[in-house]
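A.B. asks: Sharing coords.cif below, mmCIF, C-alpha atoms:
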data_work
loop_
_atom_site.group_PDB
_atom_site.id
_atom_site.type_symbol
_atom_site.label_atom_id
_atom_site.label_comp_id
_atom_site.auth_asym_id
_atom_site.auth_seq_id
_atom_site.Cartn_x
_atom_site.Cartn_y
_atom_site.Cartn_z
ATOM 1 C CA MET A 95 13.710 -17.279 5.420
ATOM 2 C CA LEU A 96 11.569 -18.067 8.419
ATOM 3 C CA ASP A 97 10.335 -21.062 10.387
ATOM 4 C CA LEU A 98 6.824 -21.925 11.452
ATOM 5 C CA ARG A 99 6.127 -23.561 14.779
ATOM 6 C CA ASP A 100 6.337 -27.329 14.434
ATOM 7 C CA ASP A 101 2.631 -27.958 14.947
ATOM 8 C CA PRO A 102 0.445 -29.440 12.192
ATOM 9 C CA SER A 103 -2.525 -27.224 13.112
ATOM 10 C CA VAL A 104 -0.344 -24.083 12.938
ATOM 11 C CA ILE A 105 0.978 -25.093 9.523
ATOM 12 C CA GLU A 106 -2.556 -25.848 8.303
ATOM 13 C CA GLN A 107 -3.770 -22.433 9.495
ATOM 14 C CA TYR A 108 -0.787 -20.656 7.926
ATOM 15 C CA ASP A 109 -1.450 -22.320 4.580
ATOM 16 C CA ALA A 110 -5.184 -21.528 4.798
ATOM 17 C CA TYR A 111 -4.541 -17.825 5.481
ATOM 18 C CA HIS A 112 -2.253 -17.647 2.459
ATOM 19 C CA GLU A 113 -4.842 -19.180 0.128
ATOM 20 C CA ALA A 114 -6.803 -15.920 0.436
ATOM 21 C CA VAL A 115 -4.636 -13.096 1.778
ATOM 22 C CA TRP A 116 -6.714 -10.174 3.025
ATOM 23 C CA PRO A 117 -7.106 -7.387 0.413
ATOM 24 C CA GLU A 118 -5.759 -4.757 2.825
ATOM 25 C CA VAL A 119 -2.560 -6.785 3.229
ATOM 26 C CA LEU A 120 -2.139 -7.192 -0.529
ATOM 27 C CA GLU A 121 -2.612 -3.439 -0.999
ATOM 28 C CA ALA A 122 -0.070 -2.665 1.747
ATOM 29 C CA LEU A 123 2.472 -4.986 0.108
ATOM 30 C CA ARG A 124 1.955 -3.272 -3.243
ATOM 31 C CA ALA A 125 2.124 0.205 -1.645
ATOM 32 C CA SER A 126 5.459 -0.705 0.001
ATOM 33 C CA GLY A 127 7.025 -1.255 -3.432
ATOM 34 C CA ILE A 128 6.630 -5.011 -3.786
ATOM 35 C CA ILE A 129 5.826 -6.026 -7.354
ATOM 36 C CA ASP A 130 5.542 -9.748 -6.682
ATOM 37 C CA MET A 131 6.014 -12.101 -3.733
ATOM 38 C CA THR A 132 6.261 -15.881 -3.622
ATOM 39 C CA ILE A 133 6.551 -17.999 -0.479
ATOM 40 C CA TRP A 134 7.564 -21.657 -0.561
ATOM 41 C CA ARG A 135 7.116 -23.978 2.407
ATOM 42 C CA ARG A 136 8.868 -27.252 3.129
ATOM 43 C CA GLU A 137 7.564 -28.624 6.400
ATOM 44 C CA THR A 138 8.197 -25.730 8.823
ATOM 45 C CA ARG A 139 10.756 -23.813 6.720
ATOM 46 C CA LEU A 140 9.541 -20.840 4.668
ATOM 47 C CA VAL A 141 11.468 -19.170 1.863
ATOM 48 C CA MET A 142 10.245 -15.890 0.384
ATOM 49 C CA LEU A 143 11.261 -14.350 -2.925
ATOM 50 C CA ILE A 144 10.166 -10.786 -3.589
ATOM 51 C CA GLU A 145 10.471 -8.628 -6.676
ATOM 52 C CA THR A 146 10.561 -4.963 -5.734
ATOM 53 C CA LYS A 147 10.747 -1.476 -7.146
ATOM 54 C CA PRO A 148 14.263 0.054 -6.985
ATOM 55 C CA ASP A 149 13.381 2.301 -4.012
ATOM 56 C CA PHE A 150 12.015 -0.565 -1.880
ATOM 57 C CA SER A 151 12.997 -0.708 1.772
ATOM 58 C CA PHE A 152 12.107 -3.434 4.287
ATOM 59 C CA ASP A 153 11.330 -0.630 6.738
ATOM 60 C CA LYS A 154 8.220 0.072 4.661
ATOM 61 C CA LEU A 155 6.869 -3.397 5.493
ATOM 62 C CA VAL A 156 6.780 -2.825 9.234
ATOM 63 C CA ALA A 157 3.270 -1.988 10.377
ATOM 64 C CA GLY A 158 3.593 1.385 12.055
ATOM 65 C CA PRO A 159 0.993 3.638 13.642
ATOM 66 C CA ASP A 160 -0.409 4.579 10.215
ATOM 67 C CA ALA A 161 -0.890 0.971 9.099
ATOM 68 C CA HIS A 162 -4.360 -0.244 8.260
ATOM 69 C CA PRO A 163 -5.792 -2.136 11.283
ATOM 70 C CA ARG A 164 -6.225 -5.276 9.171
ATOM 71 C CA VAL A 165 -2.491 -5.212 8.271
ATOM 72 C CA THR A 166 -1.609 -4.925 11.955
ATOM 73 C CA GLU A 167 -3.993 -7.796 12.721
ATOM 74 C CA TRP A 168 -2.510 -9.929 9.903
ATOM 75 C CA ASN A 169 1.020 -9.348 11.201
ATOM 76 C CA ALA A 170 -0.025 -10.386 14.724
ATOM 77 C CA VAL A 171 -1.708 -13.558 13.461
ATOM 78 C CA MET A 172 1.316 -14.490 11.334
ATOM 79 C CA ALA A 173 3.689 -13.816 14.246
ATOM 80 C CA SER A 174 1.723 -16.310 16.343
ATOM 81 C CA PHE A 175 2.612 -19.037 13.814
ATOM 82 C CA GLN A 176 6.320 -18.241 13.611
ATOM 83 C CA GLN A 177 9.449 -19.203 15.505
ATOM 84 C CA PRO A 178 13.000 -17.891 15.101
ATOM 85 C CA LEU A 179 15.378 -19.563 12.693
ATOM 86 C CA PRO A 180 18.306 -21.283 14.407
ATOM 87 C CA ASN A 181 20.806 -18.610 15.524
ATOM 88 C CA ALA A 182 18.311 -15.764 14.918
ATOM 89 C CA SER A 183 17.335 -13.471 17.759
ATOM 90 C CA THR A 184 13.834 -12.722 16.444
ATOM 91 C CA LYS A 185 11.046 -14.652 14.787
ATOM 92 C CA GLU A 186 10.978 -12.254 11.841
ATOM 93 C CA TRP A 187 11.978 -12.995 8.254
ATOM 94 C CA GLN A 188 15.760 -13.325 7.977
ATOM 95 C CA PRO A 189 17.723 -12.452 4.830
ATOM 96 C CA ALA A 190 19.695 -15.160 3.062
ATOM 97 C CA LYS A 191 22.983 -14.780 1.202
ATOM 98 C CA LEU A 192 22.825 -15.317 -2.540
ATOM 99 C CA ALA A 193 24.905 -18.393 -3.324
ATOM 100 C CA PHE A 194 24.285 -18.743 -7.081
ATOM 101 C CA ASN A 195 22.486 -16.952 -9.898
ATOM 102 C CA MET A 196 22.718 -18.596 -13.301
ATOM 103 C CA GLN A 197 21.656 -15.525 -15.309
ATOM 104 C CA ALA A 198 24.252 -13.318 -13.617
ATOM 105 C CA GLN A 199 26.996 -15.812 -14.381
ATOM 106 C CA LEU A 200 25.880 -16.247 -17.986
ATOM 107 C CA LYS A 201 25.952 -12.463 -18.479
ATOM 108 C CA SER A 202 29.485 -12.220 -17.122
ATOM 109 C CA ALA A 203 30.811 -15.121 -19.184
#
Produce structure tokens that represent the structure in this file.

C.D. replies:
Amino acid sequence: MLDLRDDPSVIEQYDAYHEAVWPEVLEALRASGIIDMTIWRRETRLVMLIETKPDFSFDKLVAGPDAHPRVTEWNAVMASFQQPLPNASTKEWQPAKLAFNMQAQLKSA
């Protein structure tokens, strides 16, 4: 989960960027082990669901010195739109605790 800054122009820009994510960013996501990613937005709150390969690690998503310059640029632009969730120390994506999964409960029944 993550929050955007509460500014209509920021939210409009964020949505516009995500209508056509840069190809270098899409390739970096795929190379990190992400199979699929979906982001929902309700006002300023963002929720991301990712499907990954078994060996996926969030550390692979951090743009390091070997990252494509466009990925580094994308991350900087996105960071300018974000603000920390309440009680979070950074304005990065924060994990959420799974509260319910219907398929898991059906399998164990």

A.B. asks: Please write the residues picked by the PyMOL selection byres ((chain A and resi 134-145) around 8) on this file as a short mmCIF file (atom, residue, chain, number, x, y, z; two decimals) with C-alpha atoms, in the coordinates of the input.

C.D. replies:
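As a result, out13.cif now contains:
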data_model
loop_
_atom_site.label_atom_id
_atom_site.label_comp_id
_atom_site.auth_asym_id
_atom_site.auth_seq_id
_atom_site.Cartn_x
_atom_site.Cartn_y
_atom_site.Cartn_z
CA MET A 95 13.71 -17.28 5.42
CA LEU A 96 11.57 -18.07 8.42
CA ASP A 97 10.34 -21.06 10.39
CA LEU A 98 6.82 -21.92 11.45
CA ARG A 99 6.13 -23.56 14.78
CA ASP A 100 6.34 -27.33 14.43
CA ILE A 105 0.98 -25.09 9.52
CA ILE A 128 6.63 -5.01 -3.79
CA ILE A 129 5.83 -6.03 -7.35
CA ASP A 130 5.54 -9.75 -6.68
CA MET A 131 6.01 -12.10 -3.73
CA THR A 132 6.26 -15.88 -3.62
CA ILE A 133 6.55 -18.00 -0.48
CA THR A 146 10.56 -4.96 -5.73
CA LYS A 147 10.75 -1.48 -7.15
#

A.B. asks: Could you check which of A:Gln188, A:Gln199, A:Gln176, A:Asn181 is closest to Val104 of chain A, using only C-alpha atoms?

C.D. replies: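 Checking each of A:Gln188, A:Gln199, A:Gln176, A:Asn181 against Val104 of chain A, counting only C-alpha atoms, the winner is A:Gln176.
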
A.B. asks: Run the PyMOL selection byres ((chain A and resi 118-124) around 8) mentally over the shown coordinates, then write out the matched residues as a PyMOL selection string, using the chain letters and numbers from the document.

C.D. replies: chain A and resi 115-117+125-129+155+162+164-165+168

A.B. asks: Can you measure atom CA of Ala110 of chain A to atom CA of Met172 of chain A for me? One decimal in Å is fine.

C.D. replies: 11.6 Å

A.B. asks: Take atom CA of Ala190 of chain A and atom CA of Tyr111 of chain A and report the distance between them in Å, one decimal.

C.D. replies: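 A separation of 24.5 Å between them.
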
A.B. asks: Between atom CA of Pro148 of chain A and atom CA of Thr184 of chain A, measure the distance and give it in Å to one decimal.

C.D. replies: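 So the two atoms, atom CA of Pro148 of chain A and atom CA of Thr184 of chain A, lie 26.7 Å apart.
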
A.B. asks: Measuring atom to atom with only C-alpha atoms, identify which of A:Phe175, A:Pro189, A:Pro163, A:Lys201 is nearest to Asp109 of chain A.

C.D. replies: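 Closest to Asp109 of chain A, using only C-alpha atoms: A:Phe175.
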